[in-house]
Amino acid sequence: MKIPLSWLKDYVDFDDTVEGLADKLTFSGVEVEGIEQIGGAPAGVVVAEVREVEKHPNADKLNLCRVDFGGGEELTVVCGAPNVEAGGKYPFAPLGTELPGGFKIEKRKVRGVVSEGMLCAPDELGLSGDHSGLLVLDAKWAPGTPLRAILGEPETVLEVEITPNRPDELSLLGIAREVAALYDVPLKMPDISLVESGPPASGATSVVVEDAVDCPRYSARILRNVQVGESPDWMKRRLKAAGIRAINNVVDITNYVMLECGQPLHAFDQKLLDEGRIVVRHPAAGETIVTLDGVERKLEPQMLVICDASKPMAIAGVMGGEFSGIHEGTTDVLLESATFRPAAIRATSRQLGLLSESAYRYMRGVDAQWADLGSRRAARLMCELAGATLYEGAVDVWPTPQAPWTVLCRPSRLEAVLGLSTTPEDIARVFGLLGLRVLSSSAERMEVEIPTFRGDLTREADLIEEYVRIYGLKRLPAVRPLAMVVEGADDKPYQGQTWMRGLLSGLGLQEVMNYSFLAEGLLDLFDKENAPDRVKLTNPLTADHTVLRDALLPQVVENIGTNVSKQVEETAFFEMGRVFRMGADGVPAEEDHLAIGLMGPVGRSGLDKFRPVEALDMFLWMKGLWMQLAAALHVRGASLRPADRPWGEAGRGVEIVLENRLVGWFGLLDPSIAREWRIHQPVGVLEVASAALLKDVDSRRPLAPPPAFPCTRRDVALIVGADVRHEQVVKIARQAAPPELERIELFDIYQGKKVGEGRKSMAYAFTYRSSKGTLTDDEANGFQTEINNALKTRLPADIREG
């Protein structure tokens with residue numbers, strides 16, 4: 001937001017440099033992003049009249065001008081501007097004048113003719129980038145008139161960033177209130193007194209609000225005999241400095257008051273309103289409106305529109321309609337001053353792709369109490385600057401006015417938090433500077449009434465923050481850092497996550513970090529059935545951050561898609577973060593998760609990377625990554641079982657089960673989801689609860705002496721049904737095996753005509769070793785026979801031994 005300094009000083013007098021003001025504002029929470037000088041004119045530049053123009057004898061594109069600049073003599077000036085002509089009046093920089101950029105005007109020869117000054121274009125004066133010709137001035141100005149007398153003094157403008165929780169600062173008065181508190185000076189409010197010489201407004205119009213939730217307040221005033229014309233120069237300069245284009249006096253007044261008070265306004269030509277009245281409602285099916293930008297827009301039922309007796313005339317809080325606006329022939333004005341529900345305006349603005357200054361303020365929140373102040377201020381200016389006659393009163397629909405609320409503040413708590421010593425009287429003084437009324441005060445507690453424009457103040461901590469903002473963060477006493485050892489505190493989760501982060505990085509993955517807030521549409525793309533259990537934000541800052549994430553995978557896949565759009569052909573990402581779900585008791589619950597996303601030939605090296613990645617390759621790489629991770633984190637007893645997920649490719653995913661509890665899933669991403677980001681190759685994904693992985697991260701495997709005796713290996717091929725899984729074989733073999741069985745390895749799987757349809761061959765290597773001596777063939781064969789018999793009966797299986 002742009003804050004012209006001269007305009008700000010209408011409401012607050014302070015004695016400081018602009019740099020000092022910027023520093024104070026920034027440390028109070030209003031970040032000043034820039035300071036610039038705009039408008040005005042360089043010192044010494046005056047109005048000059050060109051008396052004669054003739055061609056330069058030595059240059060076709062140059063002219064020799066005889067210039068009268070009020071100095072009692074005429075000078076010769078060489079000029080190349082195409083629009084110079086005799087009798088015209090233009091800015092003139094006499095000898096010795098310094099123009100922007102440090103360019104000093106001196107007498108010099110131009111193609112053999114001495115030029116004794118310079119006629120100026122807008123860019124040479126620092127007014128704009130226009131160099132198409134000289135700046136043409138009104139003929140009424142006498143030669144020698146300082147250009148600053150016409151254009152005004154240069155304006156200093158502060159560019160400030162207002163945080164989302166402070167919509168009350170989206171105005172000159174809001175910033176002035178902060179400045180007044182920072183410098184302990186009074187705040188001067190604009191004059192809103194009115195002379196109401198017409199009949200009652202209630203007799204000239206009516207207002208019906210059909211949805212008081214989306215429109216808590218709607219006020220309408222009636223003005224007659226309005227003379228639409230140009231705004232005065234001072235108003236146009238202020239609007240331009242604030243980044244608003246001047247249109248006409250009526251529209252400019254509504255914009256001026258919005259910038260001044262923070263209350264958006266809209267002026268209707270009442271003669272263009274059917275029956276001259278207002279109805280605030282939701283659109284009917286199929287209704288459209290042509291907005292002020294000339295675009296016909298389809299209205300949705302959830303939007304809010306301002307209508308006359310028959311049709312929509314404006315999109316509430318966003319933009320007016322083309323056929324109800326102010327024009328040169330307007331004489332009767334209905335002045336709207338209203339408040340709307342922020343979430344409703346935010347949704348409408350986003351859906352239509354329209355973001356106006358009014359919508360920006362309504363999206364943040366406009367205090368309904370200020371609707372009357374803004375309306376009165378604009379009505380007064382219209383009477384002054386447009387010759388309007390104001391009807392008596394206003395038609396004000398406000399069924400449930402909001403009352404101020406109270407917050408308790410303990411001086412002892414304030415001192416403890418800030419580390420300083422103060423008094424209840426000083427605390428009350430600071431609160432008073434901010435417009436907060438102290439209802440009762442003692443050494444133990446203070447009861448503070450919060451005005452409705454400060455919706456961000458709801459608890460004691462907020463009041464403590466307000467105090468220190470004005471007291472000065474720089475004045476807080478320095479405190480030596482204090483570290484406390486908390487007895488019994490468990491830092492194993494933190495240490496485990498640090499170890500897991502290093503482990504994943506060591507395996508070649510890169511960490512990504514995403515916001516916990518995101519758009520619900522991204523989560524719906526992966527699993528819409530979880531929508532009822534999501535934690536939704538009551539007052540989201542933007543439409544892209546409406547819910548807390550209930551999974552990490554959607555954003556990790558989105559990160560992969562972003563890299564694909566930048567022609568990155570290989571990604572291996574992981575994210576460690578928190579997910580949120582609404583518990584059965586209605587209270588949000590949170591849990592730490594780990595997510596991994598793989599794309600491209602991440603499991604290959606060298607020239608092998610040029611081969612296309614098959615689905616089986618990607619699945620096995622993800623499985624290998626899981627096994628490496630589980631082994632390094634001492635995860636014991638985890639089992640995998642086939643399971644599909646809404647976001648996974650059918651038949652290409654497995655659940656991770658630990659201690660009979662489902663803790664995660666990995667597999668291949670559904671290709672239809674991948675195509676949302678134009679990914680046309682397999683994507684491997686994994687998500688697992690971190691707590692399950694880190695449960696035994698600090699455990700130590702007992703040391704064992706190196707084997708003293710050789711091992712014996714027996715190979716077995718099992719002919720089994722196609723649905724038999726490796727973990728079934730291992731489980732049965734382990735149950736039937738003696739202690740001497742050291743290792744079971746699956747080294748081949750075959751499916752084909754040789755084993756029959758619906759069957760497969762699984763080849764295993766069983767390794768035996770005894771700690772007491774070398775095993776004989778008979779002993780090893782006996783062990784294997786016991787296992788084979790168990791596999792034959794319990795799977796069942798046909799066995800070929802080797």
# chains A, B, ... in the order shown; residues from 1 in each chain; ligands from 1
$ residues_around --residues "Leu795 of chain A" --least-positions-apart "4" --cutoff "12 Å" --atoms "only C-alpha atoms" --output "list in words"
Leu718, Ile719, Val720, Gly721, Ala722, Asp723, Val724, Arg725, His726, Glu727, Gln728, Val729, Val730, Lys731, Ile732, Ala733, Ile787, Asn788, Asn789, Ala790, Leu791 and Ile799 of chain A
$ residues_around --residues "Leu463 of chain A" --least-positions-apart "5" --cutoff "10 Å" --atoms "only C-alpha atoms" --output "ChimeraX atom specification"
/A:407-410,414,427,431,436,448,450,456-458,468-469
$ write_last_selection --atoms "C-alpha atoms" --output "mmCIF file, in the first residue's frame"
data_model
loop_
_atom_site.group_PDB
_atom_site.id
_atom_site.type_symbol
_atom_site.label_atom_id
_atom_site.label_comp_id
_atom_site.auth_asym_id
_atom_site.auth_seq_id
_atom_site.Cartn_x
_atom_site.Cartn_y
_atom_site.Cartn_z
ATOM 1 C CA VAL A 407 -9.686 -8.827 27.303
ATOM 2 C CA LEU A 408 -7.906 -9.150 30.629
ATOM 3 C CA CYS A 409 -4.239 -8.241 30.967
ATOM 4 C CA ARG A 410 -2.084 -8.906 34.032
ATOM 5 C CA LEU A 414 3.424 -8.493 30.845
ATOM 6 C CA ILE A 427 0.372 0.245 30.339
ATOM 7 C CA PHE A 431 -3.289 1.133 25.365
ATOM 8 C CA LEU A 436 -7.994 0.657 23.536
ATOM 9 C CA VAL A 448 -9.394 -3.621 28.392
ATOM 10 C CA ILE A 450 -11.290 -3.744 22.382
ATOM 11 C CA ASP A 456 -6.910 -9.387 16.002
ATOM 12 C CA LEU A 457 -6.931 -8.645 19.757
ATOM 13 C CA THR A 458 -8.617 -11.549 21.531
ATOM 14 C CA VAL A 468 5.808 -3.801 23.289
ATOM 15 C CA ARG A 469 5.174 -2.587 19.726
#
$ closest_atom_pairs --of "segment 549-655 of chain A" --to "segment 695-709 of chain A" --cutoff "9 Å" --atoms "only C-alpha atoms" --output "JSON lines"
{"residue": "A:Ala632", "atom": "CA", "partner": "A:Val697", "partner_atom": "CA", "distance": 8.1}
{"residue": "A:Leu633", "atom": "CA", "partner": "A:Val697", "partner_atom": "CA", "distance": 4.9}
{"residue": "A:His634", "atom": "CA", "partner": "A:Val697", "partner_atom": "CA", "distance": 5.8}
{"residue": "A:Val635", "atom": "CA", "partner": "A:Asp696", "partner_atom": "CA", "distance": 6.6}
{"residue": "A:Arg636", "atom": "CA", "partner": "A:Asp696", "partner_atom": "CA", "distance": 8.5}
$ write_last_selection --atoms "C-alpha atoms" --output "mmCIF file, in the first residue's frame"
data_model
loop_
_atom_site.group_PDB
_atom_site.id
_atom_site.type_symbol
_atom_site.label_atom_id
_atom_site.label_comp_id
_atom_site.auth_asym_id
_atom_site.auth_seq_id
_atom_site.Cartn_x
_atom_site.Cartn_y
_atom_site.Cartn_z
ATOM 1 C CA ALA A 632 19.224 -48.776 9.094
ATOM 2 C CA LEU A 633 16.496 -47.681 11.545
ATOM 3 C CA HIS A 634 16.356 -51.161 13.178
ATOM 4 C CA VAL A 635 12.726 -51.691 12.146
ATOM 5 C CA ARG A 636 12.016 -55.331 13.004
#
$ residues_around --residues "Thr288 of chain A" --least-positions-apart "6" --cutoff "8 Å" --atoms "only C-alpha atoms" --output "PyMOL selection string"
chain A and resi 296-299+312
$ write_last_selection --atoms "all heavy atoms" --output "mmCIF file, in the first residue's frame"
data_model
loop_
_atom_site.group_PDB
_atom_site.id
_atom_site.type_symbol
_atom_site.label_atom_id
_atom_site.label_comp_id
_atom_site.auth_asym_id
_atom_site.auth_seq_id
_atom_site.Cartn_x
_atom_site.Cartn_y
_atom_site.Cartn_z
ATOM 1 N N GLU A 296 -18.632 -9.463 -19.867
ATOM 2 C CA GLU A 296 -19.837 -10.122 -19.365
ATOM 3 C C GLU A 296 -19.426 -11.332 -18.546
ATOM 4 O O GLU A 296 -18.674 -12.191 -19.013
ATOM 5 C CB GLU A 296 -20.745 -10.562 -20.514
ATOM 6 C CG GLU A 296 -22.048 -11.178 -20.022
ATOM 7 C CD GLU A 296 -23.009 -11.524 -21.142
ATOM 8 O OE1 GLU A 296 -22.621 -11.401 -22.325
ATOM 9 O OE2 GLU A 296 -24.145 -11.926 -20.839
ATOM 10 N N ARG A 297 -19.920 -11.420 -17.324
ATOM 11 C CA ARG A 297 -19.489 -12.467 -16.405
ATOM 12 C C ARG A 297 -20.684 -13.290 -15.940
ATOM 13 O O ARG A 297 -21.729 -12.737 -15.584
ATOM 14 C CB ARG A 297 -18.755 -11.872 -15.203
ATOM 15 C CG ARG A 297 -17.539 -11.049 -15.618
ATOM 16 C CD ARG A 297 -16.784 -10.497 -14.442
ATOM 17 N NE ARG A 297 -15.733 -9.594 -14.884
ATOM 18 C CZ ARG A 297 -14.522 -9.975 -15.264
ATOM 19 N NH1 ARG A 297 -14.224 -11.275 -15.246
ATOM 20 N NH2 ARG A 297 -13.611 -9.102 -15.652
ATOM 21 N N LYS A 298 -20.478 -14.599 -15.940
ATOM 22 C CA LYS A 298 -21.515 -15.510 -15.454
ATOM 23 C C LYS A 298 -21.468 -15.543 -13.934
ATOM 24 O O LYS A 298 -20.418 -15.698 -13.333
ATOM 25 C CB LYS A 298 -21.295 -16.914 -16.023
ATOM 26 C CG LYS A 298 -22.359 -17.910 -15.600
ATOM 27 C CD LYS A 298 -22.064 -19.297 -16.168
ATOM 28 C CE LYS A 298 -23.106 -20.307 -15.694
ATOM 29 N NZ LYS A 298 -22.803 -21.681 -16.197
ATOM 30 N N LEU A 299 -22.625 -15.402 -13.306
ATOM 31 C CA LEU A 299 -22.717 -15.366 -11.851
ATOM 32 C C LEU A 299 -23.101 -16.734 -11.315
ATOM 33 O O LEU A 299 -23.957 -17.423 -11.873
ATOM 34 C CB LEU A 299 -23.746 -14.332 -11.412
ATOM 35 C CG LEU A 299 -23.456 -12.887 -11.861
ATOM 36 C CD1 LEU A 299 -24.637 -11.988 -11.557
ATOM 37 C CD2 LEU A 299 -22.183 -12.370 -11.192
ATOM 38 N N PRO A 312 -29.059 -7.696 -11.553
ATOM 39 C CA PRO A 312 -27.800 -7.361 -10.878
ATOM 40 C C PRO A 312 -27.190 -6.090 -11.444
ATOM 41 O O PRO A 312 -27.160 -5.881 -12.657
ATOM 42 C CB PRO A 312 -26.905 -8.566 -11.177
ATOM 43 C CG PRO A 312 -27.831 -9.673 -11.556
ATOM 44 C CD PRO A 312 -28.989 -9.006 -12.231
#
$ atom_distance --atom1 "atom CA of Leu693 of chain A" --atom2 "atom CA of Ala630 of chain A"
7.1 Å
$ select_by_dssp --residues "segment 239-463 of chain A" --states "strand (DSSP E)" --output "ChimeraX atom specification"
/A:265-269,278-281,288-290,296-298,305-307,312-315,319-320,333-339,389-392,395-397,405-409,437-441,446-450
$ write_last_selection --atoms "N, CA and C atoms" --output "compact mmCIF listing (two decimals), in the first residue's frame"
# COMPACT_ATOMS: atom_id res chain seq x y z
N LEU A 265 -16.45 2.11 -0.99
CA LEU A 265 -17.73 2.73 -1.32
C LEU A 265 -18.03 2.48 -2.79
N HIS A 266 -19.31 2.61 -3.14
CA HIS A 266 -19.68 2.53 -4.55
C HIS A 266 -20.80 3.52 -4.80
N ALA A 267 -20.67 4.27 -5.91
CA ALA A 267 -21.69 5.26 -6.27
C ALA A 267 -22.48 4.75 -7.47
N PHE A 268 -23.80 4.65 -7.29
CA PHE A 268 -24.70 4.26 -8.37
C PHE A 268 -25.39 5.50 -8.94
N ASP A 269 -25.60 5.51 -10.24
CA ASP A 269 -26.50 6.49 -10.83
C ASP A 269 -27.92 6.00 -10.52
N ILE A 278 -32.45 -0.83 -3.85
CA ILE A 278 -31.37 -1.81 -3.77
C ILE A 278 -31.88 -3.11 -3.17
N VAL A 279 -31.47 -4.23 -3.78
CA VAL A 279 -31.71 -5.56 -3.22
C VAL A 279 -30.37 -6.30 -3.21
N VAL A 280 -29.96 -6.74 -2.02
CA VAL A 280 -28.71 -7.50 -1.89
C VAL A 280 -29.10 -8.97 -1.80
N ARG A 281 -28.69 -9.75 -2.81
CA ARG A 281 -29.13 -11.15 -2.87
C ARG A 281 -28.10 -12.00 -3.59
N THR A 288 -26.25 -13.07 -15.48
CA THR A 288 -24.94 -12.54 -15.85
C THR A 288 -24.91 -11.05 -15.55
N ILE A 289 -23.71 -10.49 -15.62
CA ILE A 289 -23.55 -9.05 -15.43
C ILE A 289 -22.36 -8.59 -16.27
N VAL A 290 -22.47 -7.41 -16.85
CA VAL A 290 -21.35 -6.78 -17.54
C VAL A 290 -20.70 -5.82 -16.56
N GLU A 296 -18.63 -9.46 -19.87
CA GLU A 296 -19.84 -10.12 -19.37
C GLU A 296 -19.43 -11.33 -18.55
N ARG A 297 -19.92 -11.42 -17.32
CA ARG A 297 -19.49 -12.47 -16.40
C ARG A 297 -20.68 -13.29 -15.94
N LYS A 298 -20.48 -14.60 -15.94
CA LYS A 298 -21.51 -15.51 -15.45
C LYS A 298 -21.47 -15.54 -13.93
N VAL A 305 -24.65 -10.36 -5.04
CA VAL A 305 -24.76 -9.26 -6.00
C VAL A 305 -25.64 -8.16 -5.44
N ILE A 306 -25.36 -6.93 -5.89
CA ILE A 306 -26.18 -5.77 -5.56
C ILE A 306 -27.10 -5.54 -6.74
N CYS A 307 -28.38 -5.60 -6.51
CA CYS A 307 -29.36 -5.54 -7.60
C CYS A 307 -30.30 -4.35 -7.40
N PRO A 312 -29.06 -7.70 -11.55
CA PRO A 312 -27.80 -7.36 -10.88
C PRO A 312 -27.19 -6.09 -11.44
N MET A 313 -26.70 -5.24 -10.57
CA MET A 313 -26.07 -3.98 -10.97
C MET A 313 -24.61 -3.90 -10.53
N ALA A 314 -24.19 -4.79 -9.62
CA ALA A 314 -22.79 -4.81 -9.18
C ALA A 314 -22.52 -6.15 -8.50
N ILE A 315 -21.26 -6.57 -8.55
CA ILE A 315 -20.83 -7.76 -7.82
C ILE A 315 -20.35 -7.28 -6.45
N MET A 319 -16.70 -5.51 -7.92
CA MET A 319 -16.70 -4.54 -9.02
C MET A 319 -18.13 -4.16 -9.37
N GLY A 320 -18.28 -2.91 -9.79
CA GLY A 320 -19.59 -2.43 -10.19
C GLY A 320 -19.95 -2.86 -11.60
N VAL A 333 -27.33 10.39 -7.26
CA VAL A 333 -26.37 9.37 -6.83
C VAL A 333 -26.90 8.64 -5.61
N LEU A 334 -26.85 7.32 -5.67
CA LEU A 334 -27.07 6.50 -4.48
C LEU A 334 -25.70 6.01 -4.02
N LEU A 335 -25.31 6.42 -2.82
CA LEU A 335 -23.99 6.12 -2.30
C LEU A 335 -24.05 4.89 -1.40
N GLU A 336 -23.37 3.83 -1.81
CA GLU A 336 -23.33 2.57 -1.04
C GLU A 336 -22.13 2.56 -0.10
N SER A 337 -22.37 2.17 1.15
CA SER A 337 -21.31 1.90 2.12
C SER A 337 -21.71 0.65 2.87
N ALA A 338 -20.98 -0.44 2.66
CA ALA A 338 -21.44 -1.73 3.17
C ALA A 338 -20.26 -2.55 3.69
N THR A 339 -20.60 -3.64 4.37
CA THR A 339 -19.59 -4.63 4.76
C THR A 339 -20.08 -6.00 4.31
N THR A 389 -26.76 18.06 -3.38
CA THR A 389 -27.70 18.27 -2.29
C THR A 389 -27.92 16.94 -1.60
N LEU A 390 -27.70 16.90 -0.30
CA LEU A 390 -27.76 15.64 0.44
C LEU A 390 -29.12 15.46 1.10
N TYR A 391 -29.73 14.29 0.85
CA TYR A 391 -30.99 13.98 1.52
C TYR A 391 -30.72 13.66 2.99
N GLU A 392 -31.74 13.81 3.79
CA GLU A 392 -31.60 13.63 5.23
C GLU A 392 -31.46 12.14 5.59
N VAL A 395 -30.49 5.13 4.60
CA VAL A 395 -31.19 3.86 4.77
C VAL A 395 -30.13 2.84 5.18
N ASP A 396 -30.14 2.45 6.44
CA ASP A 396 -29.06 1.64 7.01
C ASP A 396 -29.62 0.32 7.52
N VAL A 397 -29.28 -0.77 6.84
CA VAL A 397 -29.72 -2.11 7.25
C VAL A 397 -28.57 -2.76 7.99
N TRP A 405 -15.54 -5.97 22.79
CA TRP A 405 -15.35 -7.06 23.75
C TRP A 405 -14.21 -6.69 24.70
N THR A 406 -14.08 -7.44 25.76
CA THR A 406 -13.05 -7.14 26.75
C THR A 406 -12.03 -8.26 26.82
N VAL A 407 -10.79 -7.88 27.12
CA VAL A 407 -9.69 -8.83 27.30
C VAL A 407 -8.96 -8.43 28.58
N LEU A 408 -8.63 -9.41 29.38
CA LEU A 408 -7.91 -9.15 30.63
C LEU A 408 -6.41 -9.18 30.39
N CYS A 409 -5.70 -8.29 31.05
CA CYS A 409 -4.24 -8.24 30.97
C CYS A 409 -3.68 -8.09 32.37
N ARG A 437 -9.61 1.06 25.28
CA ARG A 437 -10.14 1.70 26.49
C ARG A 437 -9.96 0.78 27.69
N VAL A 438 -9.28 1.27 28.72
CA VAL A 438 -9.07 0.50 29.95
C VAL A 438 -10.26 0.76 30.87
N LEU A 439 -11.08 -0.29 31.11
CA LEU A 439 -12.28 -0.15 31.92
C LEU A 439 -11.96 -0.16 33.41
N SER A 440 -11.00 -0.98 33.80
CA SER A 440 -10.58 -1.03 35.21
C SER A 440 -9.11 -1.42 35.25
N SER A 441 -8.41 -0.93 36.26
CA SER A 441 -6.98 -1.16 36.33
C SER A 441 -6.54 -1.30 37.78
N MET A 446 -5.96 -5.83 34.54
CA MET A 446 -6.54 -4.71 33.83
C MET A 446 -7.60 -5.26 32.87
N GLU A 447 -8.75 -4.61 32.84
CA GLU A 447 -9.81 -5.00 31.92
C GLU A 447 -9.83 -4.00 30.77
N VAL A 448 -9.58 -4.49 29.56
CA VAL A 448 -9.39 -3.62 28.39
C VAL A 448 -10.52 -3.87 27.40
N GLU A 449 -11.18 -2.79 26.98
CA GLU A 449 -12.23 -2.89 25.96
C GLU A 449 -11.59 -2.74 24.58
N ILE A 450 -11.89 -3.70 23.70
CA ILE A 450 -11.29 -3.74 22.38
C ILE A 450 -12.27 -3.17 21.36
$ residues_around --residues "Val688 of chain A" --least-positions-apart "5" --cutoff "7 Å" --atoms "only C-alpha atoms" --output "ChimeraX atom specification"
/A:593-595,663-665
$ residues_around --residues "Gly88 of chain A" --least-positions-apart "4" --cutoff "9 Å" --atoms "only C-alpha atoms" --output "VMD selection string"
chain A and resid 48 to 51 84 136 to 139
$ write_last_selection --atoms "N, CA, C and O atoms" --output "tab-separated table (two decimals), in the first residue's frame"
chain	number	residue	atom	x	y	z
A	48	ALA	N	7.63	28.57	-19.88
A	48	ALA	CA	8.18	29.43	-20.95
A	48	ALA	C	7.22	29.40	-22.14
A	48	ALA	O	6.59	28.39	-22.42
A	49	GLU	N	7.15	30.55	-22.80
A	49	GLU	CA	6.34	30.63	-24.03
A	49	GLU	C	7.28	30.71	-25.23
A	49	GLU	O	8.22	31.51	-25.26
A	50	VAL	N	7.04	29.84	-26.21
A	50	VAL	CA	7.83	29.86	-27.43
A	50	VAL	C	7.24	30.90	-28.37
A	50	VAL	O	6.09	30.78	-28.81
A	51	ARG	N	8.03	31.93	-28.67
A	51	ARG	CA	7.54	33.05	-29.51
A	51	ARG	C	7.73	32.75	-31.00
A	51	ARG	O	6.87	33.08	-31.81
A	84	VAL	N	6.83	21.02	-30.68
A	84	VAL	CA	7.06	22.42	-30.33
A	84	VAL	C	6.46	23.30	-31.42
A	84	VAL	O	6.56	23.01	-32.62
A	136	VAL	N	3.21	19.73	-22.57
A	136	VAL	CA	2.42	20.90	-22.94
A	136	VAL	C	1.68	21.42	-21.71
A	136	VAL	O	0.98	20.66	-21.03
A	137	LEU	N	1.83	22.71	-21.44
A	137	LEU	CA	1.19	23.34	-20.27
A	137	LEU	C	0.00	24.18	-20.71
A	137	LEU	O	-0.10	24.62	-21.87
A	138	ASP	N	-0.91	24.43	-19.76
A	138	ASP	CA	-2.10	25.22	-20.04
A	138	ASP	C	-1.69	26.65	-20.40
A	138	ASP	O	-0.78	27.23	-19.79
A	139	ALA	N	-2.38	27.22	-21.36
A	139	ALA	CA	-2.05	28.56	-21.84
A	139	ALA	C	-2.26	29.64	-20.79
A	139	ALA	O	-1.77	30.77	-20.93
$ residues_around --residues "Glu161 of chain A" --least-positions-apart "3" --cutoff "9 Å" --atoms "only C-alpha atoms" --output "PyMOL selection string"
chain A and resi 1+30-33
$ write_last_selection --atoms "all heavy atoms" --output "PDB file, in the first residue's frame"
ATOM      1  N   MET A   1       0.853  -1.190   0.000  1.00  0.00           N
ATOM      2  CA  MET A   1       0.000   0.000   0.000  1.00  0.00           C
ATOM      3  C   MET A   1       0.888   1.238   0.000  1.00  0.00           C
ATOM      4  O   MET A   1       1.907   1.285   0.695  1.00  0.00           O
ATOM      5  CB  MET A   1      -0.908  -0.003   1.230  1.00  0.00           C
ATOM      6  CG  MET A   1      -1.934   1.121   1.230  1.00  0.00           C
ATOM      7  SD  MET A   1      -3.097   1.016   2.593  1.00  0.00           S
ATOM      8  CE  MET A   1      -2.063   1.529   3.955  1.00  0.00           C
ATOM      9  N   VAL A  30       4.600  -2.638  10.911  1.00  0.00           N
ATOM     10  CA  VAL A  30       4.204  -2.170   9.584  1.00  0.00           C
ATOM     11  C   VAL A  30       5.470  -2.062   8.741  1.00  0.00           C
ATOM     12  O   VAL A  30       6.202  -1.079   8.831  1.00  0.00           O
ATOM     13  CB  VAL A  30       3.486  -0.805   9.645  1.00  0.00           C
ATOM     14  CG1 VAL A  30       3.041  -0.362   8.256  1.00  0.00           C
ATOM     15  CG2 VAL A  30       2.294  -0.876  10.582  1.00  0.00           C
ATOM     16  N   GLU A  31       5.735  -3.062   7.945  1.00  0.00           N
ATOM     17  CA  GLU A  31       7.002  -3.103   7.221  1.00  0.00           C
ATOM     18  C   GLU A  31       7.004  -2.086   6.078  1.00  0.00           C
ATOM     19  O   GLU A  31       6.144  -2.107   5.204  1.00  0.00           O
ATOM     20  CB  GLU A  31       7.249  -4.494   6.654  1.00  0.00           C
ATOM     21  CG  GLU A  31       8.587  -4.615   5.939  1.00  0.00           C
ATOM     22  CD  GLU A  31       8.831  -5.989   5.367  1.00  0.00           C
ATOM     23  OE1 GLU A  31       7.988  -6.875   5.582  1.00  0.00           O
ATOM     24  OE2 GLU A  31       9.863  -6.170   4.699  1.00  0.00           O
ATOM     25  N   VAL A  32       7.992  -1.197   6.096  1.00  0.00           N
ATOM     26  CA  VAL A  32       8.166  -0.221   5.020  1.00  0.00           C
ATOM     27  C   VAL A  32       9.102  -0.846   3.989  1.00  0.00           C
ATOM     28  O   VAL A  32      10.278  -1.061   4.254  1.00  0.00           O
ATOM     29  CB  VAL A  32       8.730   1.107   5.551  1.00  0.00           C
ATOM     30  CG1 VAL A  32       8.959   2.086   4.405  1.00  0.00           C
ATOM     31  CG2 VAL A  32       7.782   1.705   6.577  1.00  0.00           C
ATOM     32  N   GLU A  33       8.559  -1.121   2.809  1.00  0.00           N
ATOM     33  CA  GLU A  33       9.331  -1.803   1.772  1.00  0.00           C
ATOM     34  C   GLU A  33      10.089  -0.846   0.869  1.00  0.00           C
ATOM     35  O   GLU A  33      11.003  -1.261   0.165  1.00  0.00           O
ATOM     36  CB  GLU A  33       8.402  -2.672   0.930  1.00  0.00           C
ATOM     37  CG  GLU A  33       7.751  -3.810   1.714  1.00  0.00           C
ATOM     38  CD  GLU A  33       6.946  -4.734   0.832  1.00  0.00           C
ATOM     39  OE1 GLU A  33       6.331  -4.220  -0.132  1.00  0.00           O
ATOM     40  OE2 GLU A  33       6.933  -5.944   1.087  1.00  0.00           O
TER      41      GLU A  33
END
$ residues_around --residues "Pro601 of chain A" --least-positions-apart "4" --cutoff "10 Å" --atoms "only C-alpha atoms" --output "number ranges by chain"
A: 569-572, 605, 608-614, 617-618, 621, 682
$ atom_distance --atom1 "atom CA of Gln567 of chain A" --atom2 "atom CA of Trp677 of chain A"
12.0 Å
$ select_by_dssp --residues "segment 626-677 of chain A" --states "helix (DSSP H, G or I)" --output "list in words"
Trp626, Met627, Gln628, Leu629, Ala630, Ala631, Ala632, Pro671, Ser672, Ile673, Ala674, Arg675, Glu676 and Trp677 of chain A
$ closest_residue --among "A:Pro264, A:Pro94, A:Gly329, A:Gly129" --to "Ser356 of chain A" --atoms "only C-alpha atoms"
A:Pro264
$ closest_residue --among "A:Gly174, A:Pro186, A:Pro399, A:Gly126" --to "Ile162 of chain A" --atoms "only C-alpha atoms"
A:Gly174
$ closest_residue --among "A:Glu196, A:Leu158, A:Lys61, A:Asn248" --to "Val18 of chain A" --atoms "only C-alpha atoms"
A:Leu158
$ closest_residue --among "A:Asn781, A:Thr291, A:Asn660, A:Ser412" --to "Leu352 of chain A" --atoms "only C-alpha atoms"
A:Thr291
